[in-house]
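Shown next: structure-v9.cif, given as mmCIF, C-alpha atoms.
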data_final
#
loop_
_atom_site.label_atom_id
_atom_site.label_comp_id
_atom_site.auth_asym_id
_atom_site.auth_seq_id
_atom_site.Cartn_x
_atom_site.Cartn_y
_atom_site.Cartn_z
CA MET A 50 -11.01 -12.17 29.27
CA GLY A 51 -9.89 -8.57 28.84
CA GLY A 52 -6.32 -9.45 29.64
CA THR A 53 -6.39 -12.27 27.12
CA GLY A 54 -7.74 -9.90 24.47
CA VAL A 55 -4.97 -7.40 25.15
CA GLU A 56 -2.38 -10.15 24.98
CA ARG A 57 -3.77 -11.37 21.66
CA ARG A 58 -3.75 -7.87 20.20
CA THR A 59 -0.21 -7.34 21.45
CA SER A 60 0.91 -10.63 19.92
CA LEU A 61 -0.78 -9.73 16.63
CA TRP A 62 0.94 -6.36 16.52
CA ARG A 63 4.28 -8.00 17.27
CA LEU A 64 3.71 -10.51 14.47
CA ARG A 65 2.84 -7.75 12.03
CA GLY A 66 5.82 -5.75 13.23
CA MET A 67 8.12 -8.70 12.66
CA GLN A 68 6.73 -9.13 9.17
CA ALA A 69 7.24 -5.43 8.46
CA LEU A 70 10.77 -5.56 9.86
CA PHE A 71 11.49 -8.64 7.73
CA GLY A 72 10.31 -6.75 4.63
CA VAL A 73 12.19 -3.51 5.35
CA THR A 74 15.34 -5.45 6.20
CA ALA A 75 15.21 -7.68 3.12
CA LEU A 76 14.60 -4.75 0.76
CA GLY A 77 17.34 -2.66 2.33
CA PHE A 78 19.90 -5.42 2.41
CA LEU A 79 19.03 -6.45 -1.14
CA SER A 80 20.54 -3.15 -2.25
CA TYR A 81 23.57 -3.62 -0.01
CA SER A 82 24.19 -7.24 -1.00
CA LEU A 83 23.75 -6.68 -4.73
CA THR A 84 26.53 -4.11 -4.71
CA LEU A 85 28.86 -5.47 -2.03
CA ALA A 86 30.93 -7.78 -4.23
CA SER A 87 29.87 -6.46 -7.64
CA LEU A 88 30.93 -2.80 -7.39
CA PRO A 89 34.64 -3.66 -6.88
CA VAL A 90 34.42 -5.88 -9.99
CA TYR A 91 32.65 -3.04 -11.82
CA ALA A 92 35.41 -0.62 -10.80
CA VAL A 93 38.11 -2.99 -12.06
CA SER A 94 36.28 -3.32 -15.39
CA GLY A 95 36.35 0.48 -15.59
CA GLY A 96 40.14 0.57 -15.28
CA ALA A 97 40.81 0.52 -11.52
CA ALA A 98 43.70 -1.61 -10.23
CA ALA A 99 42.64 -4.87 -8.59
CA SER A 100 44.57 -3.99 -5.42
CA THR A 101 42.49 -0.82 -4.97
CA ALA A 102 39.10 -2.30 -5.84
CA GLY A 103 38.15 -2.41 -2.17
CA VAL A 104 38.16 1.40 -1.97
CA VAL A 105 34.53 1.40 -3.13
CA THR A 106 33.47 -0.81 -0.23
CA ALA A 107 35.67 1.13 2.19
CA VAL A 108 34.04 4.44 1.23
CA PHE A 109 30.54 3.02 1.57
CA LEU A 110 31.20 1.49 4.96
CA GLY A 111 33.39 4.36 6.17
CA VAL A 112 30.45 6.73 5.81
CA THR A 113 28.19 4.10 7.39
CA ILE A 114 30.40 3.87 10.46
CA ALA A 115 30.60 7.66 10.83
CA VAL A 116 26.82 8.09 10.64
CA GLN A 117 25.95 5.15 12.91
CA ALA A 118 27.15 7.01 15.99
CA THR A 119 24.58 9.76 15.35
CA ILE A 120 21.52 7.50 15.09
CA PRO A 121 20.49 7.51 18.79
CA ALA A 122 20.47 11.31 18.86
CA LEU A 123 18.65 11.58 15.52
CA THR A 124 15.89 9.21 16.59
CA ALA A 125 15.48 11.04 19.88
CA ARG A 126 14.97 14.33 18.03
CA PHE A 127 12.99 13.31 14.94
CA GLY A 128 11.52 9.91 15.82
CA VAL A 129 12.22 6.40 14.54
CA GLY A 130 9.85 6.52 11.57
CA PRO A 131 11.14 9.68 9.86
CA VAL A 132 14.79 8.72 10.38
CA LEU A 133 14.23 5.21 9.02
CA ILE A 134 12.38 6.55 5.97
CA VAL A 135 15.18 9.01 5.19
CA GLY A 136 17.68 6.16 5.48
CA LEU A 137 15.79 3.99 3.00
CA VAL A 138 15.50 6.89 0.55
CA ALA A 139 19.23 7.64 0.86
CA MET A 140 20.03 4.03 -0.01
CA GLY A 141 17.61 3.71 -2.90
CA VAL A 142 17.63 6.99 -4.84
CA PRO A 143 21.36 7.09 -5.82
CA SER A 144 21.51 3.44 -6.97
CA PRO A 145 20.25 3.80 -10.58
CA PHE A 146 22.99 6.35 -11.27
CA TYR A 147 25.71 3.66 -11.07
CA VAL A 148 24.96 2.81 -14.69
CA LEU A 149 26.12 6.23 -15.87
CA ASP A 150 29.82 5.95 -14.99
CA ASP A 151 32.18 3.09 -14.05
CA GLY A 152 34.91 5.40 -12.75
CA MET A 153 36.13 4.96 -9.20
CA ALA A 154 35.26 8.55 -8.21
CA SER A 155 31.66 8.32 -9.42
CA ILE A 156 31.05 4.90 -7.89
CA SER A 157 32.54 6.02 -4.57
CA ALA A 158 30.48 9.25 -4.44
CA LEU A 159 27.20 7.39 -4.95
CA SER A 160 28.28 4.76 -2.44
CA ALA A 161 28.97 7.43 0.18
CA VAL A 162 25.34 8.64 0.06
CA ARG A 163 24.05 5.07 0.20
CA GLY A 164 26.36 4.37 3.13
CA ALA A 165 24.65 7.07 5.19
CA GLY A 166 21.28 5.43 4.55
CA PHE A 167 22.69 2.01 5.37
CA ALA A 168 23.82 3.33 8.76
CA VAL A 169 20.21 4.09 9.65
CA LEU A 170 18.93 0.71 8.48
CA THR A 171 21.53 -1.29 10.39
CA VAL A 172 21.27 0.43 13.77
CA LEU A 173 17.48 0.73 13.88
CA GLY A 174 16.88 -2.69 12.33
CA ALA A 175 19.02 -4.47 14.92
CA THR A 176 17.43 -2.60 17.83
CA LEU A 177 13.88 -3.14 16.57
CA SER A 178 14.56 -6.86 16.10
CA ALA A 179 14.98 -7.15 19.86
CA GLN A 180 11.99 -4.92 20.67
CA VAL A 181 9.44 -6.87 18.65
CA ALA A 182 10.50 -10.13 20.35
CA PRO A 183 8.12 -11.89 22.76
CA PRO A 184 9.59 -12.48 26.25
CA GLY A 185 12.23 -15.20 26.30
CA ARG A 186 12.52 -15.32 22.51
CA ARG A 187 14.95 -12.52 21.79
CA GLY A 188 17.49 -14.87 20.25
CA GLU A 189 14.86 -16.29 17.92
CA SER A 190 13.70 -12.81 16.91
CA ILE A 191 17.25 -11.70 16.21
CA GLY A 192 17.65 -14.95 14.28
CA LEU A 193 14.65 -14.14 12.08
CA TYR A 194 16.03 -10.64 11.52
CA GLY A 195 19.33 -12.22 10.57
CA LEU A 196 17.53 -14.66 8.31
CA ALA A 197 16.05 -11.78 6.32
CA ILE A 198 19.57 -10.46 5.84
CA ALA A 199 21.14 -13.84 5.17
CA LEU A 200 18.56 -14.97 2.63
CA THR A 201 19.00 -11.70 0.79
CA ASN A 202 22.76 -12.14 0.95
CA LEU A 203 22.38 -15.71 -0.32
CA VAL A 204 20.74 -14.57 -3.54
CA ALA A 205 21.97 -11.03 -4.06
CA VAL A 206 25.76 -11.27 -3.56
CA PRO A 207 26.34 -13.86 -6.30
CA ALA A 208 23.59 -12.30 -8.44
CA GLY A 209 25.27 -8.90 -8.30
CA VAL A 210 28.60 -10.37 -9.40
CA ALA A 211 26.90 -12.35 -12.16
CA LEU A 212 25.14 -9.21 -13.44
CA VAL A 213 28.41 -7.28 -13.68
CA LEU A 214 30.30 -10.15 -15.26
CA GLY A 215 27.40 -10.55 -17.68
CA ASP A 216 27.47 -6.87 -18.72
CA SER A 217 24.07 -6.19 -17.11
CA VAL A 218 25.03 -3.26 -14.91
CA GLY A 219 21.75 -1.53 -15.74
CA TRP A 220 19.76 -4.29 -14.05
CA LEU A 221 22.11 -4.13 -11.06
CA ALA A 222 21.63 -0.37 -10.72
CA TRP A 223 17.84 -0.44 -10.84
CA LEU A 224 17.45 -3.47 -8.59
CA SER A 225 19.64 -1.73 -6.01
CA ALA A 226 16.92 0.93 -5.62
CA SER A 227 14.86 -1.68 -3.70
CA PRO A 228 14.95 0.15 -0.30
CA LEU A 229 12.38 2.59 -1.67
CA LEU A 230 9.84 -0.24 -1.66
CA GLY A 231 10.28 -0.56 2.11
CA VAL A 232 9.10 2.97 2.89
CA PRO A 233 5.36 2.07 3.09
CA LEU A 234 6.15 -0.61 5.71
CA VAL A 235 7.76 1.79 8.19
CA PRO A 236 4.58 3.09 9.92
CA LEU A 237 3.39 -0.45 10.70
CA LEU A 238 6.81 -1.40 12.00
CA VAL A 239 7.06 1.62 14.30
CA ARG A 240 3.53 1.14 15.71
CA SER A 241 4.22 -2.49 16.59
CA VAL A 242 6.85 -1.81 19.24
CA ALA A 243 5.99 -0.56 22.69
CA ALA A 244 9.26 1.25 23.16
CA GLN A 245 11.20 2.91 20.39
CA PRO A 246 14.97 3.33 20.10
CA ALA A 247 15.99 6.62 21.63
CA ALA A 248 19.08 8.20 23.02
CA GLY A 249 19.59 7.14 26.58
CA ALA A 250 21.51 8.92 29.29
CA ALA A 251 25.16 9.51 28.55
CA GLY A 252 26.16 6.99 31.21
CA ALA A 253 23.88 4.32 29.78
CA ASN A 254 25.24 4.91 26.29
CA ARG A 255 28.83 4.63 27.50
CA ALA A 256 27.98 1.48 29.43
CA GLY A 257 26.31 0.01 26.35
CA VAL A 258 29.38 0.67 24.22
CA LEU A 259 31.73 -0.84 26.81
CA ALA A 260 29.51 -3.88 27.26
CA ALA A 261 29.52 -4.49 23.50
CA LEU A 262 33.31 -4.20 23.10
CA ALA A 263 34.21 -7.89 23.43
CA PRO A 264 31.50 -9.27 21.10
CA SER A 265 32.14 -6.42 18.67
CA LEU A 266 35.85 -7.27 18.49
CA VAL A 267 34.98 -10.86 17.58
CA LEU A 268 32.50 -9.61 15.00
CA PHE A 269 35.08 -7.19 13.54
CA ALA A 270 37.55 -10.01 12.93
CA VAL A 271 34.99 -12.31 11.30
CA THR A 272 33.55 -9.60 9.06
CA LEU A 273 37.11 -8.58 8.10
CA ALA A 274 37.53 -12.13 6.84
CA GLY A 275 34.16 -11.95 5.08
CA GLY A 276 35.06 -8.67 3.39
CA GLY A 277 38.24 -10.28 2.11
CA VAL A 278 36.32 -13.25 0.73
CA VAL A 279 33.53 -11.42 -1.11
CA THR A 280 35.86 -8.73 -2.48
CA PHE A 281 38.91 -10.65 -3.64
CA LEU A 282 37.71 -14.18 -4.37
CA PRO A 283 35.82 -12.96 -7.49
CA ILE A 284 38.96 -11.13 -8.63
CA GLU A 285 41.31 -14.05 -7.87
CA ARG A 286 38.99 -16.54 -9.58
CA PRO A 287 37.16 -14.62 -12.34
CA ASP A 288 35.43 -17.81 -13.50
CA GLY A 289 31.83 -16.69 -13.11
CA VAL A 290 30.48 -20.19 -12.35
CA LEU A 291 32.97 -21.00 -9.57
CA VAL A 292 32.62 -17.64 -7.83
CA THR A 293 28.83 -17.65 -8.13
CA VAL A 294 28.57 -21.14 -6.60
CA ALA A 295 31.10 -20.31 -3.85
CA LEU A 296 29.23 -17.16 -2.84
CA LEU A 297 25.95 -19.04 -3.03
CA LEU A 298 27.25 -21.67 -0.61
CA PHE A 299 28.69 -18.96 1.63
CA GLY A 300 25.28 -17.27 1.75
CA ALA A 301 23.29 -20.49 2.20
CA THR A 302 25.22 -21.80 5.18
CA GLY A 303 25.37 -18.29 6.62
CA ALA A 304 21.59 -17.96 6.38
CA VAL A 305 20.91 -21.26 8.14
CA ALA A 306 23.53 -20.69 10.84
CA ARG A 307 22.42 -17.13 11.58
CA TRP A 308 18.81 -18.25 11.94
CA ARG A 309 19.35 -21.39 13.97
CA ALA A 310 22.06 -19.95 16.23
CA GLY A 311 19.56 -17.56 17.81
CA THR A 312 17.01 -20.27 18.60
CA LEU A 313 19.75 -22.52 20.00
CA ALA A 314 21.14 -19.68 22.11
CA ASP A 315 17.71 -19.18 23.75
CA ARG A 316 17.92 -22.81 24.90
CA VAL A 317 21.56 -23.38 25.84
CA GLY A 318 23.09 -19.92 26.14
CA LEU A 319 26.19 -18.42 24.55
CA ARG A 320 29.01 -19.99 26.55
CA TRP A 321 30.04 -22.63 23.99
CA LEU A 322 28.24 -21.41 20.90
CA LEU A 323 30.19 -18.19 20.44
CA PRO A 324 33.71 -19.74 20.55
CA LEU A 325 32.47 -22.62 18.36
CA GLY A 326 31.21 -20.19 15.73
CA LEU A 327 34.56 -18.37 15.70
CA ALA A 328 36.52 -21.62 15.38
CA THR A 329 34.29 -22.69 12.47
CA ALA A 330 35.02 -19.43 10.65
CA ALA A 331 38.77 -19.90 11.13
CA VAL A 332 38.65 -23.44 9.72
CA GLY A 333 36.67 -22.22 6.72
CA MET A 334 39.29 -19.59 5.89
CA VAL A 335 42.06 -22.20 5.97
CA VAL A 336 40.11 -24.48 3.63
CA ILE A 337 39.46 -21.63 1.17
CA ALA A 338 43.17 -20.81 1.21
CA ALA A 339 44.02 -24.46 0.53
CA GLY A 340 41.52 -24.52 -2.32
CA LEU A 341 43.23 -21.61 -4.07
CA VAL A 342 46.23 -23.93 -4.44
CA ALA A 343 44.83 -27.47 -4.33
CA GLY A 344 41.67 -27.14 -6.43
CA ASP A 345 38.33 -25.43 -6.87
CA ALA A 346 36.35 -28.07 -4.95
CA TRP A 347 38.11 -27.06 -1.73
CA VAL A 348 37.22 -23.42 -2.37
CA LEU A 349 33.56 -24.44 -2.39
CA VAL A 350 33.91 -26.51 0.80
CA GLY A 351 35.74 -23.67 2.52
CA ALA A 352 33.12 -21.13 1.47
CA ALA A 353 30.38 -23.32 2.97
CA VAL A 354 32.24 -23.86 6.26
CA PHE A 355 33.24 -20.22 6.58
CA GLY A 356 29.67 -19.14 5.83
CA ALA A 357 28.39 -21.21 8.76
CA GLY A 358 30.79 -19.55 11.19
CA TYR A 359 30.20 -16.12 9.67
CA GLY A 360 26.40 -16.40 10.05
CA ALA A 361 26.49 -17.80 13.57
CA ILE A 362 28.88 -15.14 14.82
CA GLN A 363 26.68 -12.33 13.52
CA ASN A 364 23.66 -13.55 15.48
CA LEU A 365 25.51 -14.57 18.63
CA THR A 366 27.56 -11.38 18.97
CA LEU A 367 24.46 -9.20 18.51
CA LEU A 368 22.58 -11.21 21.13
CA SER A 369 25.61 -11.04 23.42
CA SER A 370 25.83 -7.26 22.97
CA PHE A 371 22.19 -6.79 24.01
CA VAL A 372 22.51 -9.18 26.97
CA ARG A 373 25.68 -7.48 28.22
CA ALA A 374 24.37 -3.93 27.70
CA GLY A 375 20.90 -4.36 29.17
CA ASP A 376 17.82 -2.47 28.00
CA ASP A 377 19.20 0.99 28.84
CA GLY A 378 22.27 0.55 26.65
CA ALA A 379 20.66 -1.40 23.81
CA THR A 380 20.71 1.36 21.17
CA ALA A 381 24.33 2.28 21.92
CA ALA A 382 25.29 -1.41 21.86
CA SER A 383 23.53 -1.78 18.50
CA ALA A 384 25.47 1.17 17.09
CA MET A 385 28.73 -0.30 18.38
CA TRP A 386 27.95 -3.75 16.98
CA ASN A 387 27.00 -2.35 13.58
CA ALA A 388 30.05 -0.09 13.43
CA SER A 389 32.25 -3.11 14.12
CA PHE A 390 30.47 -5.13 11.44
CA ASP A 391 30.98 -2.43 8.83
CA ALA A 392 34.50 -1.52 9.92
CA GLY A 393 35.52 -5.16 9.68
CA THR A 394 34.00 -5.57 6.22
CA ALA A 395 35.60 -2.34 4.99
CA THR A 396 39.00 -3.24 6.45
CA GLY A 397 38.87 -6.66 4.84
CA ALA A 398 37.92 -5.16 1.49
CA LEU A 399 40.72 -2.59 1.60
CA ALA A 400 43.64 -3.87 3.70
CA LEU A 401 43.60 -7.51 2.62
CA GLY A 402 44.11 -6.44 -0.97
CA VAL A 403 47.35 -4.74 0.02
CA VAL A 404 48.48 -7.79 2.01
CA ALA A 405 47.54 -10.15 -0.82
CA ALA A 406 49.60 -8.10 -3.27
CA GLY A 407 52.64 -8.96 -1.17
CA ILE A 408 52.13 -12.57 -0.04
CA GLY A 409 49.30 -13.85 -2.23
CA LEU A 410 45.63 -14.29 -1.43
CA ASP A 411 46.05 -17.87 -0.17
CA TRP A 412 48.55 -16.91 2.55
CA THR A 413 46.52 -13.79 3.36
CA TYR A 414 43.54 -16.00 4.17
CA VAL A 415 45.78 -18.20 6.36
CA VAL A 416 46.93 -15.14 8.32
CA VAL A 417 43.32 -14.07 8.82
CA ALA A 418 42.45 -17.57 10.08
CA ALA A 419 45.27 -17.30 12.63
CA VAL A 420 43.87 -13.98 13.84
CA LEU A 421 40.44 -15.55 14.29
CA ALA A 422 41.91 -18.43 16.29
CA ALA A 423 43.82 -15.99 18.51
CA LEU A 424 40.55 -14.32 19.48
CA LEU A 425 38.97 -17.45 20.96
CA PRO A 426 39.61 -16.22 24.55
CA VAL A 427 37.86 -12.94 23.69
CA ALA A 428 34.89 -14.94 22.39
CA GLY A 429 34.74 -16.69 25.74
CA THR A 430 34.63 -13.33 27.51
CA ALA A 431 31.94 -12.04 25.14
CA ALA A 432 29.75 -15.04 25.99
CA ARG A 433 29.51 -13.97 29.65
CA PRO A 434 27.24 -11.19 30.99
CA SER A 435 28.94 -7.88 31.75
CA ARG A 436 29.62 -6.95 35.37
CA ALA A 437 27.10 -4.10 35.23
CA VAL A 438 24.30 -6.38 34.04
CA SER A 439 25.27 -9.01 36.65
CA ARG A 440 25.12 -6.39 39.41
CA ARG A 441 21.67 -5.20 38.25
CA ARG A 442 20.46 -8.81 38.17
CA ASP A 443 21.78 -9.43 41.70
CA ARG A 444 20.04 -6.30 42.98
CA ARG A 445 16.72 -7.41 41.44
CA ARG A 446 17.07 -10.85 43.00
CA ALA A 447 17.84 -9.31 46.38
CA ALA A 448 14.85 -6.97 46.11
CA THR A 449 12.45 -9.79 45.22
CA GLY A 450 13.96 -12.20 47.73
#
As structure tokens, what does this structure read like?
Amino acid sequence: MGGTGVERRTSLWRLRGMQALFGVTALGFLSYSLTLASLPVYAVSGGAAASTAGVVTAVFLGVTIAVQATIPALTARFGVGPVLIVGLVAMGVPSPFYVLDDGMASISALSAVRGAGFAVLTVLGATLSAQVAPPGRRGESIGLYGLAIALTNLVAVPAGVALVLGDSVGWLAWLSASPLLGVPLVPLLVRSVAAQPAAGAAGANRAGVLAALAPSLVLFAVTLAGGGVVTFLPIERPDGVLVTVALLLFGATGAVARWRAGTLADRVGLRWLLPLGLATAAVGMVVIAAGLVAGDAWVLVGAAVFGAGYGAIQNLTLLSSFVRAGDDGATAASAMWNASFDAGTATGALALGVVAAGIGLDWTYVVVAAVLAALLPVAGTAARPSRAVSRRRDRRRAATG
């Protein structure tokens, strides 16, 4: 009876923790998603060249990547709760000031501060999504965490672009302060997990990073493609209706795929799912490229197909990183995964603009699709457990046998 009561209380706390994580994640990523595609458009409207519009995203994510490596040490020293609260404040407080100046320097400076806060949210959110999971349901939990992000992305990315194109930058700026609303949820979230993210031993951190390399490389390539889509498709096709619908489809299929991929992975594993997700993303990029020449309908089809691959890869590579790293290396693997996500998005937002200026956006998307296809063998490697985890599993089996 007592054991059942403890189990029920534990399950209740995990449920409440998942709800709190869902809320914090949605509010934090609302700010990120609202500004991801809209700030480059805002910078162009302020006089920036279209080929340099991705600088805003690159600055934001460059700071994010730099700060992500410090998160394990910061949480070990100050605790998860205080660090997460500071991150939410850093994302939310600068956002209303976007309305004051549409110059590249001002937008980039505000984005740099927000990028530091985003680093905290991404690393701790991903790690906590695994810690609140019941046994045997880690993929599902990561899927629900991804769903909070994807649903926010579904609404906020096209909404942000629509607000800028509709001369409603003030609404964009104030709505982007949403992470501040997540601060009251942090104590409940932190109390709901038995173990909190902390800096592990140096060896465990190194092992976690190495274990996450293969899935992170796949993620980098897919998010590079995604950064190129959300940054330059609105500039290439400034028709507000087409771009809004395309980004809506991209977000919708991404949301469903990111959610369902985790549940499916719990049942059948990663062996075929991860390469399939990568191949889907590559096909989507080719169809978008064809649509830029053949007609708008194909752009919409391509956005939907690419979104499915994009969403699935995010879930599956995060799950793969945790599986390959083991519990000891989970925080370091999360930092590596998130750095790859942000580096890919920033590279796509910056470098693809330069490439497109030379060969056109349609051929740029074709080149990116070829890169994705070339990484299929790496996706196969990422779907297998790391040698270190396999050795630990063999030792446990031998000990219990």
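This file, filtered with the PyMOL selection byres ((chain A and resi 287) around 12), gives the residues Ser87, Val90, Val93, Ser94, Ala99, Val210, Ala211, Val213, Leu214, Gly215, Thr280, Phe281, Leu282, Pro283, Ile284, Glu285, Arg286, Asp288, Gly289, Val290, Leu291, Val292, Thr293 and Ala295 of chain A.
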Find the residues near stretch 178-180 of chain A: any atom within 7 Å, counting all atoms listed in the file, skip ones fewer than 3 places away on the same chain, and give them as a PDB file with C-alpha atoms, keeping the file's coordinate frame.
ATOM      1  CA  GLY A 174      16.880  -2.690  12.330  1.00  0.00           C
ATOM      2  CA  ALA A 175      19.020  -4.470  14.920  1.00  0.00           C
ATOM      3  CA  ARG A 187      14.950 -12.520  21.790  1.00  0.00           C
ATOM      4  CA  SER A 190      13.700 -12.810  16.910  1.00  0.00           C
ATOM      5  CA  ILE A 191      17.250 -11.700  16.210  1.00  0.00           C
ATOM      6  CA  TYR A 194      16.030 -10.640  11.520  1.00  0.00           C
ATOM      7  CA  VAL A 242       6.850  -1.810  19.240  1.00  0.00           C
TER       8      VAL A 242
END
Take the PyMOL selection byres ((chain A and resi 362) around 10), apply it to the structure above, and return the hits as JSON, numbers by chain.
{"A": [264, 267, 268, 271, 272, 303, 306, 307, 310, 322, 323, 324, 325, 326, 327, 329, 330, 356, 357, 358, 359, 360, 361, 363, 364, 365, 366, 367, 368, 428]}
Could you please determine the separation between atom CA of A:Ser369 and atom CA of A:Gly311 in Å, to one decimal place?
10.5 Å
Pick from A:Thr84, A:Thr201, A:Ser241, A:Ser389 nearest to A:Ala182, counting all atoms listed in the file
A:Ser241
